[in-house]
Amino acid sequence: MADPMTVKTAVPGDTAPQRFPLRRLGLGIGRFARAHWLFAIVLSAGLALRVITILGYPSVAWFGDSNTYLSSAVQLVPSLLRPCGYSLMLWLLRFAHSLTLVAIVQHLMGLAIGVMVYALIWRTARAAGGRRTWPAGVLGALAALPVLTDASLIHLEQMLMADEFFLFLLVAAVTVALWRPRLRWWAGALAGLLMGAGAVTRSVGLPLVVVVVVCLLVRRAGWRAVIASVVAFAVPLIAYGFWFQSAYGKFALTNADQILLYGRTVAFADCAKMKPPPDVAVLCMDGVPRDPRIPGVAYQAIWTRSSGFHKIPGALGGDDANRRAGEFARLAITTQPGDYARIVLRDTFRAFEWNRRPYPTTWTAGEYVFPKTLTPLTGHLGEVAYTYGGSTATPTVVEPYAGWMRGYQSWAYLRGTILGVILLIGLGGMITQWRRWGGPALLPWLMSVALLVIPAATADFDYRYMLPALPFALLAAGTALTRPSREADRPQPVAEAAEPAPH
C-alpha cells in the first residue's frame with residue numbers, strides 16, 4: 001500500500017516513479033518554526049506597529065527637506081543643495097500617484113532591516129558550532145527587537161526623507177559583505193554598489209566606503225573583492241555626477257558640499273583669530289544676536305534671515321556661497337583645531353545622553369514625533385505634493401490609531417545611554433576576538449561609530465542623524481557575542497576555483 005505521506009513525481013527518461021516524502025517537508029517546516037518562533041513574534045509586533053501607523057497617518061510625515069526631494073522627483077532634476085538619490089526612488093514609485101505607497105514601501109524597508117539584522121546574527125551564531133538553534137534565535141531576536149519596535153525608527157520610516165532609504169542601502173551592503181566568511185568578487189561589487197547608492201542618497205555615505213574597504217582588507221577578503229567593491233562604489237557617483245552636469249553644467253553631487261561644514265565650524269569660529277578676507281567675513285556670526293529659540297548656531301547661520309549667505313549673490317545654491325563657506329571652514333579648523341576637536345567630541349557624546357533636548361530647534365525636534373494635528377500643505381510644497389500623490393498628499397490624522405502611536409512613542413524609544421552600552425558590548429566582544437581582528441562585528445561596529453562621528457564632524461548634531469547607528473550597533477553586539485568558531489571566521493583570501501581535471 002502506498003505511503004499517504006508521499007507523492008509520485010516523474011523524471012524525464014526514467015520510467016520509475018519517484019517518491020517525495022511530504023513528511024520530510026513537514027519536519028523541515030517544524031524545525032524552521034522551532035528555530036525562529038521568537039523572531040516571528042518580534043517581526044509580527046513590528047508589522048502590527050507599522051500597520052497602526054499607516055492607519056493613523058495615511059500620508060507621509062513632512063519635514064523641511066521634503067520639498068527638495070519631492071520637487072526633484074516630480075521634475076527629475078537633481079537638487080543644488082543635497083544629493084537626491086532618494087528622489088530617484090520616489091520617481092520610480094510615481095506611477096501609483098500615492099504617498100501612502102511611499103510610506104508603505106519605507107515601512108517594508110524597516111521590516112527588511114530587522115530581518116537582515118536577525119539573519120546575520122543567527123547565521124553567525126550557527127557558525128559557532130553545535131546543532132541547537134534556539135540560542136541563535138534568541139540572540140538574533142533580541143537584537144532585532146529594538147530595530148523593529150523603536151518608535152523613532154518607525155517615525156523615520158513615515159517621513160518623506162532620504163534617511164530610511166539610506167539606512168536600508170547601508171544595512172543591505174553590510175549584509176552582503178558579511179554573509180559568507182569568504183567574500184567573492186561579485187559580492188564585493190554588490191556591496192560597493194549599494195554603498196555607492198547610499199552615498200548619492202545622503203552625503204554622509206561618501207566617507208563610509210573607507211570603513212568598508214579597511215574592514216575588507218583587515219579580513220583579507222582578497223584584492224579582487226576589494227577592487228570590485230571600490231569600482232562598483234564609484235559607478236553610482238559617476239552616473240549621478242553626469243546627471244548633475246546635464247542640469248547645471250558642473251560635474252558634482254551638489255553645489256553646497258562646503259556649506260554644512262561651515263555650519264559645523266561657525267559654532268566656535270572666532271573671526272578675530274581667523275582674520276578672514278572681506279568676502280569671507282560676511283559669514284562671521286560674531287556680534288550677530290543669538291535667537292533664543294535656536295540652540296544650534298549652525299541652523300541660525302545657514303537657514304535664518306540673519307544668515308550671511310543672503311549677502312552673497314546666488315545665496316545658498318550659488319558657486320560663490322559654496323566657495324566662501326569652504327574657505328571659512330578651513331580657516332576656522334586650521335586656526336582653532338582644539339576648538340574644532342572639542343565641539344566634535346561634544347556632539348558625538350551628545351548622542352549618548354539619557355534625555356533628548358530640543359536641538360537644533362524646538363520645532364525641528366517636534367517634527368520627529370507623531371503629531372495630534374497636521375497643518376494643510378500650501379505653497380510650492382502643496383503644489384508638488386498634490387501633483388505627485390493626489391488626494392494621498394492631504395495631511396490626515398485618524399483616531400484612535402494615531403493616538404495609540406503617540407502614546408507608544410512617549411516611552412518606546414531607545415535612550416542614548418543604552419545605545420552607548422550596546423556599543424560597549426560590541427567593543428568588549430571584539431576585544432575577546434582580537435586575534436581575528438574583532439571577527440564579523442568589526443564592520444558594523446565601525447559603521448555605527450562612523451555614523452555618529454561623521455555628522456558631528458561635518459555638519460551638526462541632530463537626533464535624526466543618530467538613528468541609523470542603532471541597527472549597526474545591535475548587529476555588532478549580537479555578532480560579537482556569538483564568538484564564531486575559528487574555522488568559520490578565519491580571515492583567508494578567496495581562492496580561485498580550480499579548473500576541472502581533463503578526463
# chains A, B, ... in the order shown; residues from 1 in each chain; ligands from 1
>>> closest_atom_pairs(of="range 154-176 of chain A", to="range 52-68 of chain A", cutoff="7 Å", atoms="only C-alpha atoms", output="CSV")
residue,atom,partner,partner_atom,distance
A:Gln158,CA,A:Val60,CA,5.5
A:Met159,CA,A:Ala61,CA,4.3
A:Leu160,CA,A:Ser66,CA,5.6
A:Met161,CA,A:Ser66,CA,5.9
>>> residues_around(residues="Phe328 in chain A", least_positions_apart="2", cutoff="12 Å", atoms="only C-alpha atoms", output="PDB file with C-alpha atoms, in the first residue's frame")
ATOM      1  CA  GLN A 258      31.043  73.092   1.924  1.00  0.00           C
ATOM      2  CA  ILE A 259      28.057  74.861   3.456  1.00  0.00           C
ATOM      3  CA  LEU A 260      27.285  72.182   6.029  1.00  0.00           C
ATOM      4  CA  LEU A 261      30.945  72.137   7.092  1.00  0.00           C
ATOM      5  CA  TYR A 262      30.713  75.909   7.502  1.00  0.00           C
ATOM      6  CA  GLY A 263      27.744  75.333   9.799  1.00  0.00           C
ATOM      7  CA  ARG A 264      29.863  72.963  11.856  1.00  0.00           C
ATOM      8  CA  THR A 265      32.675  75.458  12.319  1.00  0.00           C
ATOM      9  CA  VAL A 266      30.613  78.612  12.826  1.00  0.00           C
ATOM     10  CA  PHE A 268      33.190  78.001  17.571  1.00  0.00           C
ATOM     11  CA  ALA A 269      34.767  80.229  14.932  1.00  0.00           C
ATOM     12  CA  ASP A 270      36.311  83.447  16.225  1.00  0.00           C
ATOM     13  CA  CYS A 271      36.803  85.810  13.310  1.00  0.00           C
ATOM     14  CA  MET A 274      40.826  83.780  11.897  1.00  0.00           C
ATOM     15  CA  LYS A 275      41.144  87.179  10.178  1.00  0.00           C
ATOM     16  CA  PRO A 276      39.210  86.114   7.074  1.00  0.00           C
ATOM     17  CA  PRO A 277      39.280  88.214   3.880  1.00  0.00           C
ATOM     18  CA  PRO A 278      36.359  90.643   3.462  1.00  0.00           C
ATOM     19  CA  ASP A 279      34.360  88.435   1.059  1.00  0.00           C
ATOM     20  CA  VAL A 280      34.511  85.576   3.590  1.00  0.00           C
ATOM     21  CA  ALA A 281      33.982  87.777   6.636  1.00  0.00           C
ATOM     22  CA  VAL A 282      30.321  88.305   5.677  1.00  0.00           C
ATOM     23  CA  LEU A 283      29.734  84.789   7.045  1.00  0.00           C
ATOM     24  CA  CYS A 284      31.059  85.638  10.514  1.00  0.00           C
ATOM     25  CA  MET A 285      28.465  85.376  13.271  1.00  0.00           C
ATOM     26  CA  GLY A 308      25.374  85.861   5.879  1.00  0.00           C
ATOM     27  CA  ALA A 321      28.491  80.809  -1.488  1.00  0.00           C
ATOM     28  CA  ASN A 322      29.956  77.305  -1.514  1.00  0.00           C
ATOM     29  CA  ARG A 323      33.475  78.644  -2.153  1.00  0.00           C
ATOM     30  CA  ARG A 324      33.292  81.213   0.650  1.00  0.00           C
ATOM     31  CA  ALA A 325      31.803  78.668   3.052  1.00  0.00           C
ATOM     32  CA  GLY A 326      34.643  76.242   2.347  1.00  0.00           C
ATOM     33  CA  ARG A 330      39.211  75.704   6.505  1.00  0.00           C
ATOM     34  CA  LEU A 331      40.322  78.883   8.240  1.00  0.00           C
ATOM     35  CA  ALA A 332      38.337  78.024  11.360  1.00  0.00           C
ATOM     36  CA  ILE A 333      39.702  74.463  11.588  1.00  0.00           C
ATOM     37  CA  THR A 334      43.342  75.391  10.949  1.00  0.00           C
ATOM     38  CA  THR A 335      43.235  78.419  13.241  1.00  0.00           C
ATOM     39  CA  GLN A 336      41.288  76.754  16.078  1.00  0.00           C
TER      40      GLN A 336
END
>>> select_by_dssp(residues="range 219-386 of chain A", states="alpha helix (DSSP H)", output="JSON, numbers by chain")
{"A": [223, 224, 225, 226, 227, 228, 229, 230, 231, 232, 233, 234, 235, 236, 237, 238, 239, 240, 241, 242, 243, 244, 245, 246, 247, 248, 259, 260, 261, 262, 263, 264, 265, 271, 272, 273, 274, 278, 279, 280, 281, 297, 298, 299, 300, 301, 302, 303, 319, 320, 321, 322, 323, 324, 325, 326, 327, 328, 329, 330, 331, 332, 333, 334, 335, 337, 338, 339, 340, 341, 342, 343, 344, 345, 346, 347, 348, 349, 362, 363, 364, 365, 366, 379, 380, 381, 382, 383, 384, 385, 386]}
>>> closest_atom_pairs(of="range 299-388 of chain A", to="range 95-99 of chain A", cutoff="9 Å", atoms="only C-alpha atoms", output="Markdown table")
| residue | atom | partner | partner_atom | distance |
| --- | --- | --- | --- | --- |
| A:Ala385 | CA | A:Leu99 | CA | 8.4 |
| A:Tyr386 | CA | A:His97 | CA | 8.9 |
| A:Thr387 | CA | A:His97 | CA | 8.1 |
| A:Tyr388 | CA | A:His97 | CA | 5.5 |
>>> closest_atom_pairs(of="range 302-366 of chain A", to="range 249-255 of chain A", cutoff="8 Å", atoms="only C-alpha atoms", output="Markdown table")
| residue | atom | partner | partner_atom | distance |
| --- | --- | --- | --- | --- |
| A:Gly317 | CA | A:Asn255 | CA | 6.2 |
| A:Gly318 | CA | A:Asn255 | CA | 7.0 |
| A:Asp319 | CA | A:Asn255 | CA | 6.6 |
| A:Asn322 | CA | A:Asn255 | CA | 6.7 |
>>> residues_around(residues="range 196-210 of chain A", least_positions_apart="6", cutoff="9 Å", atoms="only C-alpha atoms", output="number ranges by chain")
A: 82-87, 162-163, 165-170, 229-230, 232-237, 240, 253, 257, 447, 450-451, 454-455, 458
>>> atom_distance(atom1="CA of Tyr248 in chain A", atom2="CA of His380 in chain A")
21.6 Å
>>> closest_residue(among="A:Val398, A:Met405, A:Leu419, A:Leu452", to="Val344 in chain A", atoms="only C-alpha atoms")
A:Leu452
>>> residues_around(residues="Ala119 in chain A", least_positions_apart="6", cutoff="12 Å", atoms="only C-alpha atoms", output="PyMOL selection string")
chain A and resi 35-36+39+112-113+125-126+136-141+143-144+171-172+175-176+178-179+475+478-479
>>> residues_around(residues="Leu217 in chain A", least_positions_apart="6", cutoff="12 Å", atoms="only C-alpha atoms", output="list of chain:residue names")
A:Leu183, A:Gly188, A:Val210, A:Val211, A:Trp223, A:Arg224, A:Ala225, A:Val226, A:Ile227, A:Ser229, A:Trp437, A:Leu442, A:Leu443, A:Pro491, A:Gln492, A:Pro493
>>> write_last_selection(atoms="N, CA and C atoms", output="CSV table (one decimal), in the first residue's frame")
chain,number,residue,atom,x,y,z
A,183,LEU,N,34.5,36.4,1.0
A,183,LEU,CA,33.8,37.3,0.1
A,183,LEU,C,34.3,37.1,-1.3
A,188,GLY,N,31.5,41.5,-3.3
A,188,GLY,CA,32.2,42.7,-3.0
A,188,GLY,C,31.7,43.9,-3.9
A,210,VAL,N,35.3,54.1,3.1
A,210,VAL,CA,36.7,53.8,3.7
A,210,VAL,C,36.5,52.8,4.8
A,211,VAL,N,35.5,52.8,5.6
A,211,VAL,CA,35.3,51.9,6.6
A,211,VAL,C,35.1,50.5,6.0
A,223,TRP,N,42.1,40.8,-3.1
A,223,TRP,CA,42.2,42.0,-3.8
A,223,TRP,C,41.1,42.1,-4.8
A,224,ARG,N,40.6,41.0,-5.4
A,224,ARG,CA,39.6,41.1,-6.4
A,224,ARG,C,38.3,41.6,-5.8
A,225,ALA,N,38.0,41.2,-4.6
A,225,ALA,CA,36.8,41.7,-3.9
A,225,ALA,C,36.9,43.1,-3.5
A,226,VAL,N,38.1,43.5,-3.0
A,226,VAL,CA,38.3,44.9,-2.7
A,226,VAL,C,38.2,45.8,-3.9
A,227,ILE,N,38.9,45.5,-4.9
A,227,ILE,CA,38.9,46.3,-6.1
A,227,ILE,C,37.5,46.4,-6.7
A,229,SER,N,34.7,46.1,-5.1
A,229,SER,CA,33.8,47.0,-4.3
A,229,SER,C,34.1,48.5,-4.6
A,437,TRP,N,40.8,40.1,14.6
A,437,TRP,CA,40.5,41.5,14.3
A,437,TRP,C,39.1,41.8,14.7
A,442,LEU,N,33.4,43.7,13.5
A,442,LEU,CA,34.2,44.9,13.3
A,442,LEU,C,33.5,45.9,12.3
A,443,LEU,N,33.0,45.3,11.2
A,443,LEU,CA,32.4,46.2,10.2
A,443,LEU,C,31.2,46.9,10.7
A,491,PRO,N,40.1,34.7,8.8
A,491,PRO,CA,40.2,35.5,7.6
A,491,PRO,C,41.2,34.9,6.6
A,492,GLN,N,40.7,34.5,5.4
A,492,GLN,CA,41.6,33.9,4.4
A,492,GLN,C,41.3,34.6,3.1
A,493,PRO,N,42.2,34.7,2.2
A,493,PRO,CA,42.0,35.2,0.9
A,493,PRO,C,41.1,34.2,0.1
>>> closest_residue(among="A:Ala393, A:Arg219, A:Leu193, A:Ala187", to="Val102 in chain A", atoms="only C-alpha atoms")
A:Ala393
>>> residues_around(residues="range 368-375 of chain A", least_positions_apart="3", cutoff="12 Å", atoms="only C-alpha atoms", output="PyMOL selection string")
chain A and resi 53-54+56-57+59-64+151-161+356+358-359+361-365+378+382+393-413+462-465+467
>>> atom_distance(atom1="CA of Gly390 in chain A", atom2="CA of Leu101 in chain A")
12.0 Å
